[in-house]
Structures are given as structure tokens and as C-alpha cells.
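Chemist: Got structure.txt for you, compact mmCIF, C-alpha atoms:
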# COMPACT_ATOMS: atom_id res chain seq x y z
CA MET A 1 34.01 33.94 -35.87
CA SER A 2 31.55 31.24 -34.89
CA GLU A 3 31.69 29.29 -31.65
CA ALA A 4 32.50 26.15 -33.58
CA HIS A 5 35.58 27.76 -35.07
CA LEU A 6 36.68 29.09 -31.70
CA THR A 7 36.51 25.68 -30.04
CA MET A 8 38.59 24.12 -32.80
CA GLY A 9 42.05 24.88 -31.50
CA ALA A 10 45.44 24.08 -32.99
CA HIS A 11 45.47 20.64 -31.34
CA SER A 12 42.11 19.51 -32.73
CA ALA A 13 41.93 17.00 -35.55
CA PRO A 14 41.06 18.61 -38.90
CA PRO A 15 37.41 18.37 -39.88
CA MET A 16 36.74 15.24 -41.91
CA GLU A 17 34.06 14.63 -44.46
CA ALA A 18 31.57 11.94 -43.59
CA ARG A 19 32.35 8.50 -45.00
CA PRO A 20 30.37 7.79 -48.14
CA PHE A 21 27.59 5.26 -47.51
CA VAL A 22 28.85 4.78 -43.91
CA MET A 23 31.58 2.35 -44.91
CA LEU A 24 35.36 2.43 -44.76
CA SER A 25 36.75 4.61 -47.55
CA LYS A 26 39.04 1.80 -48.76
CA LYS A 27 36.08 -0.57 -48.89
CA PHE A 28 34.13 1.97 -50.94
CA ALA A 29 37.17 2.31 -53.21
CA MET A 30 37.24 -1.47 -53.68
CA TRP A 31 33.53 -1.47 -54.61
CA LEU A 32 34.18 1.33 -57.12
CA PHE A 33 37.10 -0.65 -58.57
CA ILE A 34 34.89 -3.72 -58.90
CA MET A 35 32.16 -1.68 -60.57
CA SER A 36 34.65 -0.26 -63.07
CA ASP A 37 36.00 -3.77 -63.69
CA VAL A 38 32.43 -4.92 -64.35
CA MET A 39 32.31 -2.38 -67.18
CA THR A 40 35.54 -3.75 -68.66
CA PHE A 41 34.32 -7.34 -68.50
CA ALA A 42 30.94 -6.23 -69.85
CA ALA A 43 32.70 -4.70 -72.87
CA CYS A 44 34.55 -8.02 -73.46
CA VAL A 45 31.32 -10.02 -73.12
CA ALA A 46 29.43 -7.62 -75.39
CA ALA A 47 32.17 -7.86 -78.04
CA TYR A 48 32.13 -11.66 -77.79
CA ALA A 49 28.32 -11.79 -78.03
CA PHE A 50 28.43 -9.43 -81.03
CA LEU A 51 30.86 -11.66 -82.94
CA ARG A 52 29.17 -14.91 -81.89
CA ASN A 53 25.74 -13.68 -82.92
CA ALA A 54 26.84 -12.14 -86.21
CA SER A 55 28.53 -15.32 -87.42
CA THR A 56 26.77 -18.22 -89.13
CA GLU A 57 29.75 -20.57 -88.82
CA TRP A 58 31.03 -19.90 -85.31
CA PRO A 59 33.16 -22.91 -84.32
CA ARG A 60 32.16 -25.41 -81.63
CA PRO A 61 35.55 -26.82 -80.78
CA PHE A 62 35.01 -28.13 -77.23
CA HIS A 63 34.48 -31.90 -77.21
CA SER A 64 34.96 -32.18 -73.46
CA VAL A 65 34.78 -29.55 -70.75
CA THR A 66 36.01 -31.75 -67.89
CA ASN A 67 39.00 -29.46 -67.39
CA VAL A 68 36.68 -26.45 -67.25
CA ALA A 69 34.37 -28.24 -64.79
CA ILE A 70 37.33 -28.93 -62.49
CA MET A 71 38.45 -25.29 -62.80
CA THR A 72 34.93 -24.14 -61.89
CA LEU A 73 34.86 -26.42 -58.87
CA ILE A 74 38.23 -25.07 -57.75
CA MET A 75 37.10 -21.46 -58.22
CA LEU A 76 33.86 -21.98 -56.27
CA THR A 77 35.69 -23.83 -53.50
CA SER A 78 38.32 -21.11 -53.25
CA SER A 79 35.49 -18.58 -52.85
CA LEU A 80 34.32 -20.59 -49.84
CA THR A 81 37.82 -20.91 -48.35
CA MET A 82 38.25 -17.14 -48.72
CA LEU A 83 35.07 -16.66 -46.70
CA MET A 84 36.46 -19.07 -44.09
CA ALA A 85 39.57 -16.88 -43.93
CA LEU A 86 37.41 -13.77 -43.52
CA GLY A 87 35.36 -15.42 -40.76
CA ALA A 88 38.53 -16.41 -38.91
CA ALA A 89 40.04 -12.93 -39.38
CA LYS A 90 36.91 -11.30 -37.94
CA ALA A 91 37.14 -13.70 -34.98
CA THR A 92 40.80 -12.56 -34.62
CA ASP A 93 42.03 -16.11 -35.13
CA LYS A 94 45.15 -15.15 -37.08
CA ALA A 95 46.60 -18.62 -37.58
CA ARG A 96 43.36 -20.03 -38.97
CA ALA A 97 42.75 -17.00 -41.21
CA PHE A 98 46.29 -17.29 -42.58
CA ARG A 99 45.82 -21.01 -43.24
CA TRP A 100 42.55 -20.46 -45.12
CA MET A 101 44.12 -17.68 -47.17
CA LEU A 102 46.91 -20.06 -48.18
CA PHE A 103 44.30 -22.69 -49.15
CA THR A 104 42.61 -20.03 -51.31
CA ALA A 105 45.91 -19.06 -52.89
CA ALA A 106 46.60 -22.75 -53.62
CA GLY A 107 43.22 -22.85 -55.40
CA GLY A 108 44.25 -19.81 -57.42
CA VAL A 109 47.55 -21.44 -58.42
CA LEU A 110 45.82 -24.69 -59.39
CA PHE A 111 43.22 -22.77 -61.41
CA THR A 112 45.95 -20.85 -63.23
CA VAL A 113 47.83 -24.06 -64.08
CA LEU A 114 44.67 -25.72 -65.42
CA HIS A 115 43.78 -22.58 -67.38
CA ILE A 116 47.21 -22.54 -69.06
CA ARG A 117 46.77 -26.25 -69.81
CA ASP A 118 43.43 -25.45 -71.44
CA TRP A 119 45.06 -22.74 -73.55
CA MET A 120 47.89 -25.07 -74.59
CA GLY A 121 45.28 -27.61 -75.74
CA MET A 122 43.67 -24.89 -77.88
CA MET A 123 47.03 -23.84 -79.30
CA ASP A 124 47.81 -27.48 -80.15
CA GLN A 125 44.61 -27.52 -82.20
CA GLY A 126 45.90 -24.53 -84.16
CA VAL A 127 43.89 -21.77 -82.50
CA GLY A 128 45.83 -18.53 -82.58
CA LEU A 129 44.82 -14.91 -82.06
CA LEU A 130 44.09 -14.43 -85.76
CA LYS A 131 43.57 -17.95 -87.04
CA ASN A 132 41.82 -21.22 -86.31
CA PRO A 133 41.14 -24.32 -88.37
CA TRP A 134 37.35 -24.10 -88.21
CA GLY A 135 35.81 -20.75 -89.07
CA PRO A 136 35.89 -17.02 -88.37
CA ALA A 137 39.36 -15.77 -87.52
CA ALA A 138 37.88 -13.63 -84.75
CA PHE A 139 37.13 -16.76 -82.69
CA GLY A 140 40.72 -17.01 -81.41
CA ALA A 141 40.97 -13.31 -80.57
CA ALA A 142 37.61 -13.39 -78.78
CA PHE A 143 38.44 -16.59 -76.88
CA TYR A 144 41.92 -15.56 -75.75
CA SER A 145 40.94 -12.00 -74.83
CA ILE A 146 37.96 -12.89 -72.67
CA THR A 147 39.58 -15.90 -70.94
CA GLY A 148 42.94 -14.15 -70.81
CA PHE A 149 41.51 -11.14 -69.03
CA SER A 150 39.96 -13.47 -66.45
CA LEU A 151 43.21 -15.45 -66.12
CA ALA A 152 45.15 -12.21 -65.58
CA HIS A 153 42.79 -11.24 -62.76
CA ILE A 154 43.06 -14.64 -61.08
CA SER A 155 46.82 -15.04 -61.39
CA VAL A 156 47.59 -11.49 -60.25
CA GLY A 157 44.91 -11.84 -57.57
CA THR A 158 46.64 -14.97 -56.27
CA ILE A 159 49.92 -13.08 -55.91
CA ALA A 160 48.06 -10.23 -54.18
CA LEU A 161 46.39 -12.73 -51.84
CA ILE A 162 49.75 -14.18 -50.79
CA ILE A 163 50.96 -10.64 -50.04
CA VAL A 164 47.78 -9.86 -48.05
CA ALA A 165 48.16 -13.14 -46.12
CA ILE A 166 51.80 -12.45 -45.23
CA ARG A 167 51.06 -8.87 -44.20
CA TYR A 168 48.04 -9.98 -42.18
CA GLN A 169 50.16 -12.59 -40.43
CA GLY A 170 52.82 -9.95 -39.77
CA GLY A 171 50.27 -7.56 -38.24
CA ARG A 172 50.41 -4.88 -40.93
CA TYR A 173 46.93 -5.74 -42.21
CA ASN A 174 43.80 -6.47 -40.24
CA ALA A 175 40.41 -8.12 -40.82
CA ASP A 176 39.22 -5.06 -42.81
CA ASP A 177 41.94 -5.68 -45.38
CA VAL A 178 41.02 -9.37 -45.60
CA GLU A 179 37.42 -8.27 -46.19
CA LEU A 180 38.54 -6.00 -49.05
CA PHE A 181 40.39 -8.85 -50.69
CA ASN A 182 37.39 -11.11 -50.19
CA LEU A 183 35.31 -8.68 -52.29
CA PHE A 184 37.82 -8.86 -55.13
CA TRP A 185 38.17 -12.67 -54.98
CA GLN A 186 34.41 -13.22 -55.00
CA PHE A 187 34.11 -10.87 -57.97
CA ILE A 188 36.65 -12.74 -60.11
CA GLY A 189 34.97 -16.02 -59.18
CA LEU A 190 31.68 -14.55 -60.33
CA VAL A 191 33.15 -13.45 -63.66
CA TRP A 192 34.27 -17.03 -64.28
CA LEU A 193 30.67 -18.20 -63.77
CA PHE A 194 29.69 -16.00 -66.74
CA ILE A 195 32.61 -17.10 -68.91
CA VAL A 196 31.93 -20.85 -68.54
CA PRO A 197 28.47 -20.90 -70.16
CA LEU A 198 29.17 -18.13 -72.67
CA VAL A 199 32.55 -19.29 -73.98
CA TYR A 200 32.60 -23.03 -73.29
CA LEU A 201 29.13 -24.51 -72.82
CA MET A 202 27.58 -22.64 -75.77
CA ASN A 203 30.37 -23.91 -78.01
CA LEU A 204 30.29 -27.59 -77.13
CA ALA A 205 30.78 -29.92 -80.08
CA HIS A 206 27.89 -32.37 -80.46
CA MET B 1 34.80 -21.04 -33.88
CA THR B 2 32.16 -18.84 -32.17
CA THR B 3 28.41 -19.50 -32.49
CA ALA B 4 27.87 -16.42 -34.68
CA GLU B 5 30.80 -17.38 -36.90
CA GLY B 6 29.47 -20.94 -37.11
CA SER B 7 26.01 -19.83 -38.24
CA GLY B 8 27.62 -17.51 -40.79
CA MET B 9 29.65 -20.42 -42.16
CA LYS B 10 26.53 -22.59 -42.42
CA LYS B 11 24.96 -19.88 -44.58
CA TYR B 12 28.05 -19.70 -46.77
CA VAL B 13 28.18 -23.48 -47.20
CA ALA B 14 24.47 -23.52 -48.15
CA VAL B 15 25.08 -20.82 -50.81
CA TYR B 16 28.17 -22.72 -52.01
CA VAL B 17 26.11 -25.91 -52.46
CA ALA B 18 23.41 -23.91 -54.30
CA LEU B 19 26.07 -22.47 -56.64
CA LEU B 20 27.45 -25.96 -57.29
CA VAL B 21 23.97 -27.27 -58.12
CA ILE B 22 23.21 -24.36 -60.50
CA THR B 23 26.59 -24.77 -62.23
CA ALA B 24 26.07 -28.54 -62.57
CA LEU B 25 22.68 -27.80 -64.12
CA GLN B 26 24.35 -25.47 -66.63
CA PHE B 27 26.81 -28.20 -67.64
CA PHE B 28 23.92 -30.67 -67.96
CA ILE B 29 21.95 -28.29 -70.20
CA GLY B 30 25.09 -27.55 -72.22
CA TYR B 31 25.58 -31.23 -73.00
CA ARG B 32 21.91 -31.93 -73.66
CA ASN B 33 20.96 -28.94 -75.82
CA ALA B 34 23.17 -28.72 -78.87
CA GLU B 35 21.19 -25.93 -80.50
CA GLY B 36 18.35 -23.65 -79.54
CA SER B 37 17.93 -19.92 -79.38
CA GLN B 38 16.78 -20.24 -75.78
CA LEU B 39 20.12 -21.71 -74.71
CA ALA B 40 21.80 -18.31 -74.18
CA VAL B 41 18.75 -17.02 -72.30
CA ARG B 42 18.78 -20.07 -70.00
CA PHE B 43 22.49 -19.74 -69.32
CA LEU B 44 22.21 -16.02 -68.62
CA THR B 45 19.26 -16.61 -66.29
CA PHE B 46 21.33 -19.09 -64.29
CA ALA B 47 24.31 -16.73 -64.29
CA VAL B 48 22.13 -13.88 -62.99
CA ILE B 49 20.81 -16.11 -60.17
CA GLU B 50 24.41 -16.99 -59.28
CA THR B 51 25.32 -13.29 -59.35
CA ILE B 52 22.54 -12.43 -56.92
CA LEU B 53 23.66 -15.20 -54.54
CA VAL B 54 27.34 -14.24 -54.67
CA VAL B 55 26.78 -10.49 -54.37
CA LEU B 56 24.23 -10.76 -51.57
CA PHE B 57 25.89 -13.45 -49.46
CA PHE B 58 29.57 -13.87 -50.42
CA MET B 59 30.17 -10.14 -50.96
CA ASN B 60 27.73 -9.23 -48.17
CA LEU B 61 26.02 -6.48 -50.13
CA GLY B 62 22.88 -7.16 -48.08
CA THR B 63 24.58 -5.82 -44.95
CA GLU B 64 25.45 -2.46 -46.54
CA THR B 65 23.32 0.68 -46.23
CA PRO B 66 20.17 0.96 -48.41
CA GLY B 67 21.73 3.98 -50.13
CA PHE B 68 24.75 1.98 -51.26
CA ILE B 69 22.61 -0.96 -52.38
CA LYS B 70 20.54 1.44 -54.52
CA PHE B 71 23.72 3.02 -55.93
CA PHE B 72 25.12 -0.43 -56.81
CA VAL B 73 21.89 -1.77 -58.34
CA TYR B 74 21.26 1.34 -60.48
CA PHE B 75 24.86 1.28 -61.71
CA MET B 76 24.70 -2.40 -62.64
CA ALA B 77 21.35 -1.93 -64.38
CA PHE B 78 22.89 0.90 -66.41
CA VAL B 79 25.91 -1.24 -67.40
CA LEU B 80 23.70 -4.20 -68.39
CA ALA B 81 21.39 -1.93 -70.39
CA THR B 82 24.25 -0.29 -72.28
CA MET B 83 25.73 -3.72 -73.08
CA ASN B 84 22.72 -4.40 -75.27
CA TYR B 85 23.44 -1.67 -77.80
CA ILE B 86 25.38 -4.25 -79.84
CA TRP B 87 22.43 -6.40 -80.86
CA THR B 88 20.98 -4.28 -83.64
CA ASP B 89 24.29 -4.08 -85.50
CA SER B 90 25.08 -7.72 -84.76
CA PHE B 91 21.80 -8.90 -86.29
CA ARG B 92 22.32 -6.52 -89.24
CA LEU B 93 25.66 -8.19 -89.99
CA LEU B 94 24.12 -11.64 -89.61
CA LEU B 95 21.32 -10.72 -92.02
CA PHE B 96 23.84 -9.45 -94.56
CA ARG B 97 25.79 -12.70 -94.37
CA VAL B 98 22.73 -14.92 -94.64
CA THR B 99 21.13 -13.00 -97.51
CA GLY B 100 24.42 -12.07 -99.18
CA LEU B 101 23.39 -8.41 -99.34
CA GLY B 102 26.30 -6.98 -97.44
CA PRO B 103 30.02 -7.47 -96.91
CA SER B 104 31.00 -11.07 -96.09
Starting from the coordinates I provided, produce the structure as C-alpha cells.
Modeler:
Amino acid sequence: MSEAHLTMGAHSAPPMEARPFVMLSKKFAMWLFIMSDVMTFAACVAAYAFLRNASTEWPRPFHSVTNVAIMTLIMLTSSLTMLMALGAAKATDKARAFRWMLFTAAGGVLFTVLHIRDWMGMMDQGVGLLKNPWGPAAFGAAFYSITGFSLAHISVGTIALIIVAIRYQGGRYNADDVELFNLFWQFIGLVWLFIVPLVYLMNLAH
Amino acid sequence: MTTAEGSGMKKYVAVYVALLVITALQFFIGYRNAEGSQLAVRFLTFAVIETILVVLFFMNLGTETPGFIKFFVYFMAFVLATMNYIWTDSFRLLLFRVTGLGPS
């Protein structure tokens, strides 16, 4: 038996594998989750681009994108407030971090409400999953699936953020957990920055 | 707020303003250019610039180890490359529709 084995008595901690890429395992897991989510969004975007490109009469139904511009401003601002929360959490200023997380969650709620309002406007115009008054039936399915997937991320992410904020305030979570959530929130904000030009700005009615 | 935290926030605010400007530019181009094959390329270029800013500064990828950065970049390049397999079939369908040679 080697000397190393002899010195490892019953009271020693079990040998651990080195952390991958010298980062917390849960942070690495969050990066892997984000990378897998990128693939899912990429599949949605590729499907949308396929349909959009293959159609000669793709509809351009958006006369105004003011609502979308406000949603984008809210999303970008909530990305900043999340970073404020992370900065405060790293400085162990719990009250300030909690406050900024609530501001971010409020941004998420507002975004969700405006997104649903946008959808209701589309439904009022007769856009369904398999029908629309203008052109290829696939437009509705493509629009609702790509924006719906983003909306699902943001609305569920907002609920998750409230849980993280409460647990951080209660001492169950620390700044590392806030950092993990920051990665996710920045990612869904980034996805929205791809959806806006692809789905809305390229289909503006002129 | 500590000095280090304050300088970090200044950086974040600068990136936030840059993202706002790029997004405003996208809206401006969207309203100005009704048609144009270059429109998608312009929008994607702006979106890629925004991605680099967000990933490097807001997600702090720049502070990770070089090994992880390489792992992330190679993975993303692979995903983006594989996304492009759709174009040949997409253009084939478009050609069929325009020329009337294939299924409508």
C-alpha cells in the first residue's frame, strides 16, 4: 500500500476530483445548461429562418413596434439591475442586493405583461397557430413558438428570481447563487436581442 | 458601494448604454430599410456584437480560465455552423415556388 493511502485514514475527507475549468461545479452546470439552451433556441431560429426564406409571400404584419421597443428597454434595464444585485451581493450588502433583485423581477413581470399584450394584439388580427389573414399558415406557428419559448423562459425565470431573492435574504443562498442566476438572466435577455430583429424588425409593414 | 464595486458598475453602465445605442440603430434600420437582402446580415452583425458585449461583460466570460473560454467559443462556433445546414433546402423550396417546378 502506498504512503498516500496509509495517510488517508478513516477521518479524512474522500478524495475529490478537481473542479472542471477551476470554477464552482454549479456554475459550470449553469454554463452547460445555457449552452444546451442555445442549441434549442438555435433550432427555433433555424426553423424560422428556413420558413421565412423559403416563402415568397411571408407576411409583414407589424405596423408599429413601440410595444416591442419598450419591452426591449425593460429587458436591457433588468439586465443592468441584475448586475447591480450581483455587485451588492458580492459586497455582502444583503438589503441592497435583495432590493435590486426585486427591481429585476418587476422588470420581468412588466415584460411578461407587455408580451402577452403583444400576443393578444396578434390574436385580435386573426393570427393563430395554423392560420393568419395574410399568407403562409406557418407564420403563426413560427411566431408563437419562437416568442413563446422566450416568454416561457422570462416568466419562469422571474418566478425563479423571486425564489432566489427570498432564499438569499433568508441566508440559504449566497452571492454565488446570485451569480448563477445572473448568468441565466443575461442569457434570456440576449436571446430577446436576437428575436427582436429577426421576428419583428424584418417583418415591419412599410 | 466600494471603489472596486463602483468601477465595475461604471463598466456595466457603459456596456448597457452601448447595447441601447446598438438596439436603437437596429430599430432605425428596420424602419428605414423596407427591403434588401443585406438587412438580415446587418441585423445579425449587430446581434453578434451585442452577444460579444453581453457574454464578455454581463456574463463575465472574460474572467474565466482560458480553457473554459476556448471550450465555450468552440461549442458556439459548432452550433452556429450547424444552424446553417437549412439554407440549401430553404433556397431549393424557394426556387420551386418561384419557378413553379416543385410542390407549392
Chemist: Could you please tell me, as a short mmCIF file (atom, residue, chain, number, x, y, z; two decimals) with C-alpha atoms, in the coordinates of the input, which residues of chain A have an atom within 7 Å of chain B when using only C-alpha atoms?
Modeler:
data_model
loop_
_atom_site.label_atom_id
_atom_site.label_comp_id
_atom_site.auth_asym_id
_atom_site.auth_seq_id
_atom_site.Cartn_x
_atom_site.Cartn_y
_atom_site.Cartn_z
CA PHE A 21 27.59 5.26 -47.51
CA MET A 39 32.31 -2.38 -67.18
CA ALA A 42 30.94 -6.23 -69.85
CA ALA A 46 29.43 -7.62 -75.39
CA PHE A 50 28.43 -9.43 -81.03
CA ASN A 53 25.74 -13.68 -82.92
CA ALA A 54 26.84 -12.14 -86.21
CA SER A 55 28.53 -15.32 -87.42
CA LEU A 80 34.32 -20.59 -49.84
CA GLY A 87 35.36 -15.42 -40.76
CA LEU A 183 35.31 -8.68 -52.29
CA GLN A 186 34.41 -13.22 -55.00
CA LEU A 190 31.68 -14.55 -60.33
CA LEU A 193 30.67 -18.20 -63.77
CA PHE A 194 29.69 -16.00 -66.74
CA PRO A 197 28.47 -20.90 -70.16
CA LEU A 201 29.13 -24.51 -72.82
CA MET A 202 27.58 -22.64 -75.77
CA HIS A 206 27.89 -32.37 -80.46
#
Chemist: Rounded to one decimal in Å, what is the spacing between CA of Gln125 in chain A and CA of Phe139 in chain A?
Modeler: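 So the two atoms, CA of Gln125 in chain A and CA of Phe139 in chain A, lie 13.1 Å apart.
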Chemist: Range 56-66 of chain B, all listed atoms, 4 Å padding on each side: what axis-aligned box centre and edge lengths in Å to one decimal come out, as lines of an AutoDock Vina configuration file?
Modeler:
center_x = 25.2
center_y = -6.5
center_z = -48.3
size_x = 18.0
size_y = 22.8
size_z = 14.6
Chemist: Please provide the set of residues having any atom within 9 Å of range 115-123 of chain A, restricted to only C-alpha atoms, with same-chain residues fewer than 2 positions apart removed, written as a ChimeraX atom specification.
Modeler: /A:61,67-68,71,110-113,125-128,144,147,151
Chemist: Rounded to one decimal place, report the CA of Asn203 in chain A-CA of Arg60 in chain A distance in Å.
Modeler: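 Taking CA of Asn203 in chain A and CA of Arg60 in chain A, their separation equals 4.3 Å.
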Chemist: Do you have the CA of Leu114 in chain A-CA of Ile34 in chain A distance handy?
Modeler: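 So the answer is 24.9 Å.
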Chemist: Counting only C-alpha atoms, which residue out of A:Trp185, A:Trp31, A:Tyr48, A:Trp58 sits closest to Trp134 in chain A?
Modeler: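 Smallest separation from Trp134 in chain A among the options: A:Trp58.
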Chemist: Looking at all atoms listed in the file, which of A:Phe181, A:Phe103, A:Trp192, A:Tyr168 is the one that sits closest to Ala69 in chain A?
Modeler: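 Nearest to Ala69 in chain A: A:Trp192.
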Chemist: A:Ala85, A:Val156, A:Leu161, A:Ile70: which is nearest Ala105 in chain A, counting only C-alpha atoms?
Modeler: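 Ranked by minimum distance to Ala105 in chain A, first place goes to A:Leu161.
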Chemist: For a cut-off of 10 Å around (43.1, -19.8, -46.6), file coordinates, pick out all residues using all atoms listed in the file and list them as a list of chain:residue names.
Modeler: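 Within the cut-off we find A:Ser78, A:Ser79, A:Leu80, A:Thr81, A:Met82, A:Leu83, A:Met84, A:Ala85, A:Leu86, A:Ala88, A:Ala95, A:Arg96, A:Ala97, A:Phe98, A:Arg99, A:Trp100, A:Met101, A:Leu102, A:Phe103, A:Thr104, A:Ala105, A:Ala106, A:Gly107, A:Leu161, A:Ile162, A:Ala165.
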Chemist: Name the closest residue to Met23 in chain A among the candidates B:Lys10, B:Thr63, B:Leu56, B:Tyr74; distances are taken between atoms, counting only C-alpha atoms.
Modeler: B:Thr63
Chemist: Any chance you could build range 27-46 of chain A out to N, CA and C atoms and write it as a PDB file, in the frame of the given file?
Modeler:
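The new file out03.pdb reads:
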ATOM      1  N   LYS A  27      37.071   0.411 -48.444  1.00  0.00           N
ATOM      2  CA  LYS A  27      36.080  -0.570 -48.890  1.00  0.00           C
ATOM      3  C   LYS A  27      35.239   0.026 -50.028  1.00  0.00           C
ATOM      4  N   PHE A  28      34.884   1.286 -49.884  1.00  0.00           N
ATOM      5  CA  PHE A  28      34.130   1.970 -50.940  1.00  0.00           C
ATOM      6  C   PHE A  28      34.964   2.016 -52.220  1.00  0.00           C
ATOM      7  N   ALA A  29      36.278   2.279 -52.042  1.00  0.00           N
ATOM      8  CA  ALA A  29      37.170   2.310 -53.210  1.00  0.00           C
ATOM      9  C   ALA A  29      37.207   0.948 -53.888  1.00  0.00           C
ATOM     10  N   MET A  30      37.219  -0.131 -53.093  1.00  0.00           N
ATOM     11  CA  MET A  30      37.240  -1.470 -53.680  1.00  0.00           C
ATOM     12  C   MET A  30      35.944  -1.742 -54.450  1.00  0.00           C
ATOM     13  N   TRP A  31      34.806  -1.306 -53.891  1.00  0.00           N
ATOM     14  CA  TRP A  31      33.530  -1.470 -54.610  1.00  0.00           C
ATOM     15  C   TRP A  31      33.554  -0.698 -55.928  1.00  0.00           C
ATOM     16  N   LEU A  32      34.115   0.528 -55.892  1.00  0.00           N
ATOM     17  CA  LEU A  32      34.180   1.330 -57.120  1.00  0.00           C
ATOM     18  C   LEU A  32      35.086   0.651 -58.148  1.00  0.00           C
ATOM     19  N   PHE A  33      36.198   0.068 -57.658  1.00  0.00           N
ATOM     20  CA  PHE A  33      37.100  -0.650 -58.570  1.00  0.00           C
ATOM     21  C   PHE A  33      36.363  -1.828 -59.208  1.00  0.00           C
ATOM     22  N   ILE A  34      35.631  -2.567 -58.391  1.00  0.00           N
ATOM     23  CA  ILE A  34      34.890  -3.720 -58.900  1.00  0.00           C
ATOM     24  C   ILE A  34      33.863  -3.272 -59.941  1.00  0.00           C
ATOM     25  N   MET A  35      33.176  -2.175 -59.635  1.00  0.00           N
ATOM     26  CA  MET A  35      32.160  -1.680 -60.570  1.00  0.00           C
ATOM     27  C   MET A  35      32.796  -1.240 -61.892  1.00  0.00           C
ATOM     28  N   SER A  36      33.980  -0.648 -61.822  1.00  0.00           N
ATOM     29  CA  SER A  36      34.650  -0.260 -63.070  1.00  0.00           C
ATOM     30  C   SER A  36      35.137  -1.492 -63.816  1.00  0.00           C
ATOM     31  N   ASP A  37      35.569  -2.520 -63.061  1.00  0.00           N
ATOM     32  CA  ASP A  37      36.000  -3.770 -63.690  1.00  0.00           C
ATOM     33  C   ASP A  37      34.816  -4.492 -64.344  1.00  0.00           C
ATOM     34  N   VAL A  38      33.647  -4.351 -63.747  1.00  0.00           N
ATOM     35  CA  VAL A  38      32.430  -4.920 -64.350  1.00  0.00           C
ATOM     36  C   VAL A  38      32.237  -4.338 -65.745  1.00  0.00           C
ATOM     37  N   MET A  39      32.483  -3.030 -65.870  1.00  0.00           N
ATOM     38  CA  MET A  39      32.310  -2.380 -67.180  1.00  0.00           C
ATOM     39  C   MET A  39      33.297  -2.950 -68.198  1.00  0.00           C
ATOM     40  N   THR A  40      34.538  -3.209 -67.742  1.00  0.00           N
ATOM     41  CA  THR A  40      35.540  -3.750 -68.660  1.00  0.00           C
ATOM     42  C   THR A  40      35.150  -5.153 -69.113  1.00  0.00           C
ATOM     43  N   PHE A  41      34.749  -5.990 -68.148  1.00  0.00           N
ATOM     44  CA  PHE A  41      34.320  -7.340 -68.500  1.00  0.00           C
ATOM     45  C   PHE A  41      33.059  -7.297 -69.369  1.00  0.00           C
ATOM     46  N   ALA A  42      32.172  -6.358 -69.062  1.00  0.00           N
ATOM     47  CA  ALA A  42      30.940  -6.230 -69.850  1.00  0.00           C
ATOM     48  C   ALA A  42      31.264  -5.892 -71.297  1.00  0.00           C
ATOM     49  N   ALA A  43      32.293  -5.050 -71.493  1.00  0.00           N
ATOM     50  CA  ALA A  43      32.700  -4.700 -72.870  1.00  0.00           C
ATOM     51  C   ALA A  43      33.221  -5.950 -73.582  1.00  0.00           C
ATOM     52  N   CYS A  44      34.019  -6.768 -72.866  1.00  0.00           N
ATOM     53  CA  CYS A  44      34.550  -8.020 -73.460  1.00  0.00           C
ATOM     54  C   CYS A  44      33.395  -8.955 -73.825  1.00  0.00           C
ATOM     55  N   VAL A  45      32.453  -9.108 -72.892  1.00  0.00           N
ATOM     56  CA  VAL A  45      31.320 -10.020 -73.120  1.00  0.00           C
ATOM     57  C   VAL A  45      30.464  -9.516 -74.275  1.00  0.00           C
ATOM     58  N   ALA A  46      30.244  -8.188 -74.314  1.00  0.00           N
ATOM     59  CA  ALA A  46      29.430  -7.620 -75.390  1.00  0.00           C
ATOM     60  C   ALA A  46      30.101  -7.844 -76.743  1.00  0.00           C
TER      61      ALA A  46
END
